[in-house]
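**Student:** Sharing data13.txt below, compact mmCIF, N, CA and C atoms:
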```txt
# COMPACT_ATOMS: atom_id res chain seq x y z
N MET L 1 2.63 -13.43 4.15
CA MET L 1 1.28 -13.12 3.74
C MET L 1 0.81 -14.24 2.82
N GLY L 2 -0.31 -14.83 3.10
CA GLY L 2 -0.84 -15.92 2.30
C GLY L 2 -1.47 -15.41 1.02
N LYS L 3 -1.76 -16.31 0.12
CA LYS L 3 -2.33 -15.93 -1.17
C LYS L 3 -3.66 -15.22 -1.02
N ASP L 4 -4.50 -15.66 -0.09
CA ASP L 4 -5.83 -15.09 0.06
C ASP L 4 -5.88 -13.94 1.06
N ALA L 5 -4.79 -13.67 1.73
CA ALA L 5 -4.78 -12.60 2.73
C ALA L 5 -4.72 -11.26 2.02
N GLY L 6 -5.53 -10.32 2.50
CA GLY L 6 -5.51 -8.98 1.95
C GLY L 6 -4.64 -8.07 2.80
N LEU L 7 -4.54 -6.85 2.39
CA LEU L 7 -3.78 -5.88 3.17
C LEU L 7 -4.58 -5.48 4.40
N THR L 8 -3.88 -5.26 5.48
CA THR L 8 -4.51 -4.80 6.71
C THR L 8 -3.97 -3.42 7.05
N PRO L 9 -4.63 -2.68 7.92
CA PRO L 9 -4.12 -1.36 8.29
C PRO L 9 -2.68 -1.39 8.81
N ASP L 10 -2.27 -2.49 9.42
CA ASP L 10 -0.90 -2.60 9.92
C ASP L 10 0.14 -2.67 8.81
N ASP L 11 -0.29 -2.96 7.58
CA ASP L 11 0.63 -3.08 6.46
C ASP L 11 1.05 -1.72 5.90
N PHE L 12 0.35 -0.67 6.24
CA PHE L 12 0.60 0.64 5.66
C PHE L 12 1.57 1.44 6.49
N PRO L 13 2.32 2.32 5.86
CA PRO L 13 2.27 2.69 4.46
C PRO L 13 2.97 1.66 3.58
N ILE L 14 2.50 1.56 2.35
CA ILE L 14 3.11 0.70 1.34
C ILE L 14 4.24 1.49 0.70
N GLU L 15 5.36 0.82 0.45
CA GLU L 15 6.52 1.49 -0.13
C GLU L 15 6.90 0.84 -1.46
N ALA L 16 7.36 1.64 -2.39
CA ALA L 16 7.85 1.13 -3.67
C ALA L 16 9.35 0.92 -3.56
N ASP L 17 9.79 -0.26 -3.94
CA ASP L 17 11.21 -0.59 -3.96
C ASP L 17 11.51 -1.12 -5.35
N LYS L 18 12.00 -0.25 -6.21
CA LYS L 18 12.18 -0.54 -7.63
C LYS L 18 10.82 -0.91 -8.21
N ASP L 19 10.63 -2.11 -8.72
CA ASP L 19 9.33 -2.48 -9.30
C ASP L 19 8.51 -3.36 -8.36
N LYS L 20 8.85 -3.35 -7.08
CA LYS L 20 8.13 -4.15 -6.07
C LYS L 20 7.41 -3.23 -5.09
N LEU L 21 6.30 -3.71 -4.58
CA LEU L 21 5.58 -3.01 -3.52
C LEU L 21 5.77 -3.81 -2.25
N LYS L 22 6.08 -3.11 -1.16
CA LYS L 22 6.33 -3.78 0.12
C LYS L 22 5.63 -3.02 1.23
N THR L 23 5.33 -3.74 2.31
CA THR L 23 4.79 -3.07 3.50
C THR L 23 5.92 -2.30 4.16
N HIS L 24 5.59 -1.47 5.11
CA HIS L 24 6.63 -0.71 5.80
C HIS L 24 7.55 -1.64 6.59
N LYS L 25 7.15 -2.89 6.79
CA LYS L 25 7.97 -3.88 7.47
C LYS L 25 8.87 -4.64 6.49
N GLY L 26 8.74 -4.34 5.20
CA GLY L 26 9.57 -4.98 4.19
C GLY L 26 8.99 -6.25 3.60
N GLU L 27 7.75 -6.59 3.94
CA GLU L 27 7.12 -7.79 3.39
C GLU L 27 6.60 -7.50 1.98
N PRO L 28 6.90 -8.36 1.01
CA PRO L 28 6.45 -8.12 -0.36
C PRO L 28 4.93 -8.20 -0.49
N VAL L 29 4.40 -7.30 -1.30
CA VAL L 29 2.95 -7.24 -1.52
C VAL L 29 2.61 -7.54 -2.97
N ALA L 30 3.34 -6.90 -3.90
CA ALA L 30 3.03 -7.05 -5.32
C ALA L 30 4.22 -6.62 -6.16
N SER L 31 4.12 -6.92 -7.45
CA SER L 31 5.12 -6.47 -8.43
C SER L 31 4.42 -5.62 -9.46
N ALA L 32 5.18 -4.71 -10.05
CA ALA L 32 4.65 -3.85 -11.11
C ALA L 32 5.55 -3.98 -12.34
N GLU L 33 5.08 -3.45 -13.45
CA GLU L 33 5.85 -3.54 -14.68
C GLU L 33 7.06 -2.62 -14.69
N SER L 34 7.01 -1.53 -13.90
CA SER L 34 8.12 -0.58 -13.87
C SER L 34 8.18 0.11 -12.51
N GLU L 35 9.29 0.81 -12.27
CA GLU L 35 9.43 1.57 -11.03
C GLU L 35 8.37 2.65 -10.93
N GLN L 36 8.10 3.31 -12.04
CA GLN L 36 7.12 4.40 -12.05
C GLN L 36 5.73 3.88 -11.68
N ILE L 37 5.34 2.75 -12.23
CA ILE L 37 4.03 2.18 -11.92
C ILE L 37 3.99 1.75 -10.45
N ALA L 38 5.06 1.17 -9.95
CA ALA L 38 5.11 0.76 -8.55
C ALA L 38 4.94 1.97 -7.63
N GLU L 39 5.60 3.07 -7.97
CA GLU L 39 5.46 4.28 -7.16
C GLU L 39 4.04 4.82 -7.19
N GLN L 40 3.42 4.81 -8.37
CA GLN L 40 2.04 5.29 -8.49
C GLN L 40 1.08 4.39 -7.71
N MET L 41 1.29 3.09 -7.79
CA MET L 41 0.43 2.15 -7.06
C MET L 41 0.56 2.36 -5.56
N ALA L 42 1.79 2.50 -5.07
CA ALA L 42 2.01 2.71 -3.64
C ALA L 42 1.33 3.99 -3.19
N GLU L 43 1.47 5.05 -3.98
CA GLU L 43 0.85 6.33 -3.63
C GLU L 43 -0.67 6.21 -3.56
N ARG L 44 -1.25 5.55 -4.54
CA ARG L 44 -2.72 5.39 -4.56
C ARG L 44 -3.20 4.51 -3.42
N LEU L 45 -2.50 3.42 -3.15
CA LEU L 45 -2.89 2.55 -2.04
C LEU L 45 -2.82 3.31 -0.71
N ASN L 46 -1.76 4.08 -0.53
CA ASN L 46 -1.61 4.83 0.71
C ASN L 46 -2.68 5.92 0.84
N GLU L 47 -2.99 6.59 -0.26
CA GLU L 47 -4.05 7.60 -0.24
C GLU L 47 -5.40 6.96 0.10
N HIS L 48 -5.66 5.79 -0.50
CA HIS L 48 -6.92 5.10 -0.23
C HIS L 48 -7.01 4.67 1.24
N ALA L 49 -5.93 4.13 1.77
CA ALA L 49 -5.91 3.72 3.17
C ALA L 49 -6.11 4.92 4.09
N HIS L 50 -5.50 6.04 3.73
CA HIS L 50 -5.66 7.26 4.54
C HIS L 50 -7.11 7.73 4.51
N GLN L 51 -7.73 7.69 3.33
CA GLN L 51 -9.14 8.10 3.21
C GLN L 51 -10.05 7.19 4.02
N GLU L 52 -9.79 5.87 3.98
CA GLU L 52 -10.59 4.94 4.77
C GLU L 52 -10.47 5.24 6.26
N GLU L 53 -9.26 5.57 6.70
CA GLU L 53 -9.04 5.91 8.11
C GLU L 53 -9.82 7.17 8.47
N GLN L 54 -9.79 8.18 7.58
CA GLN L 54 -10.55 9.41 7.82
C GLN L 54 -12.04 9.13 7.88
N ASP L 55 -12.53 8.25 7.00
CA ASP L 55 -13.95 7.90 6.99
C ASP L 55 -14.35 7.21 8.28
N ARG L 56 -13.49 6.36 8.81
CA ARG L 56 -13.80 5.69 10.08
C ARG L 56 -13.94 6.68 11.22
N TRP L 57 -13.06 7.68 11.22
CA TRP L 57 -13.09 8.69 12.30
C TRP L 57 -14.30 9.62 12.17
N SER L 58 -14.77 9.84 10.95
CA SER L 58 -15.87 10.77 10.76
C SER L 58 -17.24 10.12 10.93
N ALA L 59 -17.27 8.81 10.94
CA ALA L 59 -18.55 8.09 11.05
C ALA L 59 -19.12 8.12 12.44
```
Render the structure in this file as structure tokens.
**Tutor:**
Amino acid sequence: MGKDAGLTPDDFPIEADKDKLKTHKGEPVASAESEQIAEQMAERLNEHAHQEEQDRWSA
């Protein structure tokens, strides 16, 4: 993933691995200050992606 590349639908779900965030394919996405923060970030990103998918279907 390049510096300017954003997340794509194919990257989800995002998983927390200790203090790192990774795509379901194991590609690194970001780092967090702690495991707890990484888990919260992954959860929020996945919820947001799910909501966007629902919005696309309802439009």
**Student:** Name all residues at most 6 Å from region 11-16 of chain L (count only N, CA and C atoms; drop same-chain ones fewer than 6 positions away) and give them as JSON, numbers by chain.
**Tutor:** {"L": [22, 23, 24, 38, 39, 42, 46]}
**Student:** Select, from L:Gly6, L:Arg56, L:Leu21, L:Pro28, the residue with the minimum atom-to-atom distance to Met41 (chain L), counting all atoms listed in the file.
**Tutor:**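 With all atoms listed in the file as the atom set, the closest residue is L:Leu21.
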**Student:** When distances are computed from all atoms listed in the file, which of L:Glu35, L:Ser58, L:Gln51, L:Leu45 shows the smallest separation from Asp17 (chain L)?
**Tutor:**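 Comparing L:Glu35, L:Ser58, L:Gln51, L:Leu45 against Asp17 (chain L), the winner is L:Glu35.
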**Student:** Enumerate the residues of chain L with a DSSP assignment of helix (DSSP H, G or I), computed from the backbone, and present them as JSON, numbers by chain.
**Tutor:** {"L": [9, 10, 11, 35, 36, 37, 38, 39, 40, 41, 42, 43, 44, 45, 46, 47, 48, 49, 50, 51, 52, 53, 54, 55, 56, 57, 58]}
**Student:** In Å, rounded to a single decimal, give me how far atom C of Arg44 (chain L) is from CA of Asp10 (chain L).
**Tutor:** 15.3 Å
**Student:** Kindly give the distance, in Å, that separates atom N of Lys20 (chain L) and CA of Gln54 (chain L), rounded to a single decimal.
**Tutor:**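 Pair atom N of Lys20 (chain L) / CA of Gln54 (chain L) returns 27.6 Å.
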**Student:** If you measure from atom N of Gln40 (chain L) to atom C of Glu27 (chain L), what distance in Å do you get, rounded to one decimal?
**Tutor:**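 Atom C of Glu27 (chain L) lies 16.4 Å from atom N of Gln40 (chain L).
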**Student:** Just asking: which residues within chain L are strand (DSSP E) according to DSSP, as a PyMOL selection string?
**Tutor:** chain L and resi 15-17+20-22+28-31
**Student:** Since the input lacks some atoms of region 18-30 of chain L, please model N, CA, C and O atoms and print them as a PDB file, keeping the file's coordinate frame.
**Tutor:**
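Saved to result_37.pdb:
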```
ATOM      1  N   LYS L  18      12.000  -0.250  -6.210  1.00  0.00           N
ATOM      2  CA  LYS L  18      12.180  -0.540  -7.630  1.00  0.00           C
ATOM      3  C   LYS L  18      10.820  -0.910  -8.210  1.00  0.00           C
ATOM      4  O   LYS L  18       9.906  -0.102  -8.120  1.00  0.00           O
ATOM      5  N   ASP L  19      10.630  -2.110  -8.720  1.00  0.00           N
ATOM      6  CA  ASP L  19       9.330  -2.480  -9.300  1.00  0.00           C
ATOM      7  C   ASP L  19       8.510  -3.360  -8.360  1.00  0.00           C
ATOM      8  O   ASP L  19       7.559  -3.996  -8.774  1.00  0.00           O
ATOM      9  N   LYS L  20       8.850  -3.350  -7.080  1.00  0.00           N
ATOM     10  CA  LYS L  20       8.130  -4.150  -6.070  1.00  0.00           C
ATOM     11  C   LYS L  20       7.410  -3.230  -5.090  1.00  0.00           C
ATOM     12  O   LYS L  20       7.847  -2.115  -4.819  1.00  0.00           O
ATOM     13  N   LEU L  21       6.300  -3.710  -4.580  1.00  0.00           N
ATOM     14  CA  LEU L  21       5.580  -3.010  -3.520  1.00  0.00           C
ATOM     15  C   LEU L  21       5.770  -3.810  -2.250  1.00  0.00           C
ATOM     16  O   LEU L  21       5.640  -5.045  -2.252  1.00  0.00           O
ATOM     17  N   LYS L  22       6.080  -3.110  -1.160  1.00  0.00           N
ATOM     18  CA  LYS L  22       6.330  -3.780   0.120  1.00  0.00           C
ATOM     19  C   LYS L  22       5.630  -3.020   1.230  1.00  0.00           C
ATOM     20  O   LYS L  22       5.401  -1.820   1.130  1.00  0.00           O
ATOM     21  N   THR L  23       5.330  -3.740   2.310  1.00  0.00           N
ATOM     22  CA  THR L  23       4.790  -3.070   3.500  1.00  0.00           C
ATOM     23  C   THR L  23       5.920  -2.300   4.160  1.00  0.00           C
ATOM     24  O   THR L  23       7.096  -2.489   3.813  1.00  0.00           O
ATOM     25  N   HIS L  24       5.590  -1.470   5.110  1.00  0.00           N
ATOM     26  CA  HIS L  24       6.630  -0.710   5.800  1.00  0.00           C
ATOM     27  C   HIS L  24       7.550  -1.640   6.590  1.00  0.00           C
ATOM     28  O   HIS L  24       8.649  -1.244   6.973  1.00  0.00           O
ATOM     29  N   LYS L  25       7.150  -2.890   6.790  1.00  0.00           N
ATOM     30  CA  LYS L  25       7.970  -3.880   7.470  1.00  0.00           C
ATOM     31  C   LYS L  25       8.870  -4.640   6.490  1.00  0.00           C
ATOM     32  O   LYS L  25       9.623  -5.504   6.900  1.00  0.00           O
ATOM     33  N   GLY L  26       8.740  -4.340   5.200  1.00  0.00           N
ATOM     34  CA  GLY L  26       9.570  -4.980   4.190  1.00  0.00           C
ATOM     35  C   GLY L  26       8.990  -6.250   3.600  1.00  0.00           C
ATOM     36  O   GLY L  26       9.648  -6.923   2.808  1.00  0.00           O
ATOM     37  N   GLU L  27       7.750  -6.590   3.940  1.00  0.00           N
ATOM     38  CA  GLU L  27       7.120  -7.790   3.390  1.00  0.00           C
ATOM     39  C   GLU L  27       6.600  -7.500   1.980  1.00  0.00           C
ATOM     40  O   GLU L  27       5.941  -6.494   1.754  1.00  0.00           O
ATOM     41  N   PRO L  28       6.900  -8.360   1.010  1.00  0.00           N
ATOM     42  CA  PRO L  28       6.450  -8.120  -0.360  1.00  0.00           C
ATOM     43  C   PRO L  28       4.930  -8.200  -0.490  1.00  0.00           C
ATOM     44  O   PRO L  28       4.286  -9.023   0.142  1.00  0.00           O
ATOM     45  N   VAL L  29       4.400  -7.300  -1.300  1.00  0.00           N
ATOM     46  CA  VAL L  29       2.950  -7.240  -1.520  1.00  0.00           C
ATOM     47  C   VAL L  29       2.610  -7.540  -2.970  1.00  0.00           C
ATOM     48  O   VAL L  29       1.695  -8.296  -3.253  1.00  0.00           O
ATOM     49  N   ALA L  30       3.340  -6.900  -3.900  1.00  0.00           N
ATOM     50  CA  ALA L  30       3.030  -7.050  -5.320  1.00  0.00           C
ATOM     51  C   ALA L  30       4.220  -6.620  -6.160  1.00  0.00           C
ATOM     52  O   ALA L  30       5.163  -6.027  -5.651  1.00  0.00           O
TER      53      ALA L  30
END
```
